[in-house]
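Worksheet: the structure to be examined is printed underneath.
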Amino acid sequence: MSGLIGVNRFIPGPEPVCDNPQQTDFLMRLHRFFPAQIAWMVGGLFLAGVLARAQAPPPANPAPPVPAPLVLAGGTLIDVTNWGRSARDQQNTIVIVSEGRIVAVGSRTDVPIPPGARVIDCTGKYLIPGLVDGYAGMNSQGQANANLYMGVTTVVARSDSEHGRVDLAANPKPNLYLVDSIGSTDNWSLLNGHEDWAAKLREAAHPAELSPEDTARQMNDTLHLGTRVLWLGPDLTAVNTQWIAARAHQLGLITYGEFVSTPYTVGIEAGVDALLHMGRHELGVIPDELQRPLAEDPYGASAATAYDYAQHLPPTDQHLRAYARFIASHHAALMPAFSVYFLSLPGHRNLWHEPAAAVLDPANLFDPPDRVTGEMNYPLATWTRRLPAMALRWMEEGQRKKADQVAMRLWEINETIFAAYPHYLAGSGAPVMGALPGIGMHTELEMLVRLGLSPREALAAATNNYALQFGWNELGLIAPGRRADILVVDGDPTENTWNARRISTLILDGNVINRDALLNVRR
């Protein structure tokens, strides 16, 4: 027995060392109260565990919790399908939104409200998709806020000398779908910031066509930048227009036509998706002898003669009626941008009185209306400054009357085109020629109704028609799988489009936006 005790008695050994003072103290206590072999064995096991924990990879960060779904309960869901020709509104509807998307839509009996959901009571209200402005600029935070305040949740945005540079850094902002020119030089092209394109795209006095090889490369490069729409401008000749339209569709790109060199009938037959601007697409009625010179002179005297002919054609002319039927029977939709003529047509008002106008800076607008009168300004030539004030007022009034007469002639031509009932898309053209961002979308709805569309058809032109015409099936409808851009409005917009601006709740990408805060931004 005494031998066993002698074997097991304390045997001095080296002091255990560890960088961690607490671990060192623990080992010292083991060494002091246990035989050396046991102390070192236990200590080794302890150190092994410490090192294993130190060398083991840190646990993965747990996934953030999914936010509680948002539920819109009890409202009437407005039907904007079938170009606005259907009217199957759904009353007492449940709409469930999760992670920026609409996940369920139906009646209370069919769609239960998830536990823990955030519920907005929409009883007595109406649900419509966020509005799409199909052609506009958005060059500042103020313009982004004005759009959102007026319920415009998507802007198909163009950068050019009139619309300015698209402000991609604005926050918050509508969803932006970018437009870029194609097939010609352009100082405002989205590719201009790239070293290998800057020199090639530089304009001279007027834009000029690029070679087919450069155009093909331009199309691929702008697609990689995220461009959604190609703008086919006045200088493109017929062969290039046809080739670009076909190739664009292969790549899933949308085409907007604003033709001069290319006959409108050729562009339409080539499959262009939309024709821009009242005052432009009427050029499709000119005779061949006026069209042929435009291939060499799309900006000069030949173009002025062609426009003058188109604008003075009687609305009852058989050629105009045939052209209207031709548009209606083909793929192209019309985006007339009536808003840029709104202040030159009867029945207009001072748009600066709109609440959203408070965040707009006239310096960021092209040809803004007078803030006091709300009327368009018509600057006179510098030599007139020496004339008496009465003479200046007479000359300004003469220019205004002339502009109003042109607008009225174009409007009457478009009434004839409407009689053939082509498809329409709503685009404001803002911030140009008196069309104000956000506000212009609602003047566009007003003008479409004045033209002859029903309020529901006008609303469809600003929502689901974009899905039907362009295949943009992520927007335009309150349905499962669509992006959760939703307006809850206090009046029935199918009775009066004015009710589309009576927004009580604005939802962008599934987030409820504080509309009042949008009016507090610095311009």
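In the structure tokens, each chain is lettered A, B, ... as it comes, each chain's residues begin at 1, and ligands are numbered from 1 in order of appearance.
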
| request: Within 10 Å of His249 of chain A, counting only C-alpha atoms, which residues show up once you throw out same-chain ones fewer than 5 positions away? Write them as a list in words, please. | output: Ile244, Ile254, Thr255, Gly271, Val272 and Asp273 of chain A

Please produce an output containing C-alpha atoms for each residue in the selection, written as a compact mmCIF listing (two decimals), in the first residue's frame.
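In the end it all went to result35.txt:
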```txt
# COMPACT_ATOMS: atom_id res chain seq x y z
CA ILE A 244 -32.89 46.72 -85.52
CA ILE A 254 -38.68 46.84 -76.66
CA THR A 255 -38.58 49.39 -79.51
CA GLY A 271 -42.80 45.32 -85.67
CA VAL A 272 -41.93 48.48 -83.71
CA ASP A 273 -43.65 48.16 -80.34
```

| task | Pull the alpha helix (DSSP H) assignments for segment 380-451 of chain A out of DSSP run on the backbone, and list those residues as JSON, numbers by chain. | result | {"A": [389, 390, 391, 392, 393, 394, 395, 396, 397, 398, 399, 400, 401, 402, 403, 404, 405, 406, 407, 408, 409, 410, 411, 412, 413, 414, 415, 416, 417, 418, 419, 439, 440, 441, 442, 443, 444, 445, 446, 447, 448, 449, 450, 451]}

| task | Find the residues around segment 491-496 of chain A up to 10 Å (only C-alpha atoms counted), leave out those fewer than 5 positions away in its own chain, and share them as an MDAnalysis selection string. | result | chainID A and resid 76 78:80 84 87 124:128 445:446 449 454:459 501:504

Those residues with N, CA and C atoms, as an mmCIF file, in the first residue's frame please?
```
data_model
loop_
_atom_site.group_PDB
_atom_site.id
_atom_site.type_symbol
_atom_site.label_atom_id
_atom_site.label_comp_id
_atom_site.auth_asym_id
_atom_site.auth_seq_id
_atom_site.Cartn_x
_atom_site.Cartn_y
_atom_site.Cartn_z
ATOM 1 N N THR A 76 -62.121 46.996 -53.064
ATOM 2 C CA THR A 76 -62.589 46.534 -54.369
ATOM 3 C C THR A 76 -61.418 46.550 -55.340
ATOM 4 N N ILE A 78 -59.885 46.635 -58.827
ATOM 5 C CA ILE A 78 -60.308 47.104 -60.146
ATOM 6 C C ILE A 78 -59.671 46.246 -61.242
ATOM 7 N N ASP A 79 -60.477 45.804 -62.175
ATOM 8 C CA ASP A 79 -60.034 44.958 -63.279
ATOM 9 C C ASP A 79 -59.496 45.830 -64.413
ATOM 10 N N VAL A 80 -58.215 45.652 -64.762
ATOM 11 C CA VAL A 80 -57.624 46.407 -65.878
ATOM 12 C C VAL A 80 -57.098 45.461 -66.956
ATOM 13 N N GLY A 84 -58.469 46.996 -70.786
ATOM 14 C CA GLY A 84 -59.488 47.778 -70.111
ATOM 15 C C GLY A 84 -60.893 47.488 -70.561
ATOM 16 N N ALA A 87 -64.552 44.071 -67.072
ATOM 17 C CA ALA A 87 -65.029 44.854 -65.919
ATOM 18 C C ALA A 87 -65.403 43.927 -64.766
ATOM 19 N N GLY A 124 -64.412 50.015 -48.402
ATOM 20 C CA GLY A 124 -64.912 51.218 -49.049
ATOM 21 C C GLY A 124 -63.925 51.875 -49.995
ATOM 22 N N LYS A 125 -62.742 51.284 -50.145
ATOM 23 C CA LYS A 125 -61.716 51.850 -51.023
ATOM 24 C C LYS A 125 -61.507 50.940 -52.237
ATOM 25 N N TYR A 126 -60.615 51.384 -53.136
ATOM 26 C CA TYR A 126 -60.401 50.692 -54.409
ATOM 27 C C TYR A 126 -58.909 50.437 -54.592
ATOM 28 N N LEU A 127 -58.591 49.278 -55.137
ATOM 29 C CA LEU A 127 -57.200 48.874 -55.331
ATOM 30 C C LEU A 127 -56.872 48.866 -56.816
ATOM 31 N N ILE A 128 -55.818 49.595 -57.187
ATOM 32 C CA ILE A 128 -55.362 49.613 -58.571
ATOM 33 C C ILE A 128 -53.845 49.410 -58.588
ATOM 34 N N LEU A 445 -53.993 60.693 -68.436
ATOM 35 C CA LEU A 445 -55.225 59.929 -68.262
ATOM 36 C C LEU A 445 -56.440 60.778 -68.632
ATOM 37 N N GLU A 446 -56.436 62.034 -68.214
ATOM 38 C CA GLU A 446 -57.537 62.928 -68.563
ATOM 39 C C GLU A 446 -57.689 63.051 -70.079
ATOM 40 N N VAL A 449 -59.111 60.002 -71.857
ATOM 41 C CA VAL A 449 -60.565 59.937 -71.713
ATOM 42 C C VAL A 449 -61.225 60.977 -72.607
ATOM 43 N N SER A 454 -62.631 54.942 -72.290
ATOM 44 C CA SER A 454 -63.336 54.958 -71.016
ATOM 45 C C SER A 454 -62.311 55.155 -69.901
ATOM 46 N N PRO A 455 -62.736 55.599 -68.719
ATOM 47 C CA PRO A 455 -61.779 55.716 -67.611
ATOM 48 C C PRO A 455 -61.042 54.413 -67.324
ATOM 49 N N ARG A 456 -61.733 53.291 -67.447
ATOM 50 C CA ARG A 456 -61.078 52.002 -67.208
ATOM 51 C C ARG A 456 -60.025 51.724 -68.288
ATOM 52 N N GLU A 457 -60.345 52.032 -69.541
ATOM 53 C CA GLU A 457 -59.381 51.826 -70.619
ATOM 54 C C GLU A 457 -58.164 52.732 -70.457
ATOM 55 N N ALA A 458 -58.395 53.961 -70.015
ATOM 56 C CA ALA A 458 -57.277 54.871 -69.766
ATOM 57 C C ALA A 458 -56.402 54.338 -68.637
ATOM 58 N N LEU A 459 -57.033 53.826 -67.585
ATOM 59 C CA LEU A 459 -56.268 53.262 -66.478
ATOM 60 C C LEU A 459 -55.465 52.045 -66.928
ATOM 61 N N ARG A 501 -56.007 59.784 -58.383
ATOM 62 C CA ARG A 501 -55.057 60.601 -57.620
ATOM 63 C C ARG A 501 -55.447 60.714 -56.142
ATOM 64 N N ARG A 502 -56.590 60.173 -55.778
ATOM 65 C CA ARG A 502 -57.035 60.230 -54.376
ATOM 66 C C ARG A 502 -56.451 59.036 -53.612
ATOM 67 N N ILE A 503 -55.151 59.064 -53.451
ATOM 68 C CA ILE A 503 -54.411 57.916 -52.920
ATOM 69 C C ILE A 503 -54.367 57.991 -51.393
ATOM 70 N N SER A 504 -54.864 56.944 -50.749
ATOM 71 C CA SER A 504 -54.781 56.874 -49.286
ATOM 72 C C SER A 504 -53.608 56.022 -48.821
#
```

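Taking atom CA of Gln90 of chain A and atom CA of Asn473 of chain A as the two end points, the separation is 20.7 Å.
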
| Of the residues A:Ala337, A:Thr185, A:Ala68, A:Gln218, which is the one nearest to Glu203 of chain A, using only C-alpha atoms? |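 Among the listed residues, A:Thr185 lies closest to Glu203 of chain A.
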
| request: Go through A:Ala170, A:Leu487, A:Ala208, A:Leu392 one by one, measure the shortest atom-to-atom distance of each to Asn187 of chain A using only C-alpha atoms, and give the residue with the smallest value. | output: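 Closest to Asn187 of chain A of all the choices is A:Ala208.
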
| message | I'd like the contact shell of Leu519 of chain A - 8 Å cut-off, only C-alpha atoms, skipping same-chain residues fewer than 3 positions apart - returned as a VMD selection string. | response | chain A and resid 145 to 146 149 355 to 356 358 to 359 515 to 516

Selection to disk with N, CA, C and O atoms, as an mmCIF file, in the first residue's frame:
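result34.cif, freshly written:
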```cif
data_model
loop_
_atom_site.group_PDB
_atom_site.id
_atom_site.type_symbol
_atom_site.label_atom_id
_atom_site.label_comp_id
_atom_site.auth_asym_id
_atom_site.auth_seq_id
_atom_site.Cartn_x
_atom_site.Cartn_y
_atom_site.Cartn_z
ATOM 1 N N ASN A 145 -39.747 62.072 -56.275
ATOM 2 C CA ASN A 145 -40.784 62.190 -55.244
ATOM 3 C C ASN A 145 -42.132 62.589 -55.834
ATOM 4 O O ASN A 145 -43.180 62.095 -55.403
ATOM 5 N N ALA A 146 -42.109 63.489 -56.818
ATOM 6 C CA ALA A 146 -43.371 63.901 -57.441
ATOM 7 C C ALA A 146 -44.043 62.716 -58.122
ATOM 8 O O ALA A 146 -45.268 62.539 -58.039
ATOM 9 N N TYR A 149 -45.451 60.433 -55.330
ATOM 10 C CA TYR A 149 -46.600 61.060 -54.671
ATOM 11 C C TYR A 149 -47.861 60.908 -55.519
ATOM 12 O O TYR A 149 -48.963 60.706 -54.989
ATOM 13 N N PRO A 355 -50.186 69.843 -55.391
ATOM 14 C CA PRO A 355 -49.257 69.695 -54.257
ATOM 15 C C PRO A 355 -47.898 69.141 -54.656
ATOM 16 O O PRO A 355 -46.864 69.594 -54.147
ATOM 17 N N ALA A 356 -47.858 68.187 -55.584
ATOM 18 C CA ALA A 356 -46.587 67.579 -55.974
ATOM 19 C C ALA A 356 -45.668 68.558 -56.679
ATOM 20 O O ALA A 356 -44.443 68.348 -56.721
ATOM 21 N N ALA A 358 -44.744 71.315 -55.682
ATOM 22 C CA ALA A 358 -43.915 72.027 -54.706
ATOM 23 C C ALA A 358 -42.498 71.478 -54.632
ATOM 24 O O ALA A 358 -41.579 72.183 -54.198
ATOM 25 N N VAL A 359 -42.272 70.221 -55.045
ATOM 26 C CA VAL A 359 -40.930 69.630 -54.958
ATOM 27 C C VAL A 359 -40.187 69.700 -56.292
ATOM 28 O O VAL A 359 -39.101 69.142 -56.419
ATOM 29 N N ARG A 515 -46.514 59.164 -48.016
ATOM 30 C CA ARG A 515 -46.682 60.146 -49.099
ATOM 31 C C ARG A 515 -46.405 61.561 -48.627
ATOM 32 O O ARG A 515 -45.813 62.365 -49.362
ATOM 33 N N ASP A 516 -46.835 61.903 -47.428
ATOM 34 C CA ASP A 516 -46.618 63.271 -46.944
ATOM 35 C C ASP A 516 -45.136 63.601 -46.874
ATOM 36 O O ASP A 516 -44.717 64.726 -47.174
#
```

Please build the interface table for segment 340-374 of chain A against segment 431-435 of chain A with a cut-off of 7 Å, listing for each qualifying residue the nearest atom pair and the distance in Å to one decimal; count only C-alpha atoms, order rows by chain and increasing number, and write it as a tab-separated table.
```
residue	atom	partner	partner_atom	distance
A:Val340	CA	A:Ala435	CA	5.1
A:Leu343	CA	A:Gly434	CA	6.8
A:Leu365	CA	A:Pro431	CA	5.2
A:Phe366	CA	A:Val432	CA	4.7
A:Asp367	CA	A:Met433	CA	4.9
A:Pro368	CA	A:Gly434	CA	4.8
A:Pro369	CA	A:Gly434	CA	5.2
```

Taking only residues of segment 91-137 of chain A that have an atom at most 12 Å from an atom of segment 274-279 of chain A, what is each one's shortest atom pair and its distance in Å to one decimal, using only C-alpha atoms, in chain and number order, as CSV?
```
residue,atom,partner,partner_atom,distance
A:Gly134,CA,A:Ala274,CA,9.9
A:Tyr135,CA,A:Leu276,CA,8.5
A:Ala136,CA,A:Leu276,CA,11.3
```
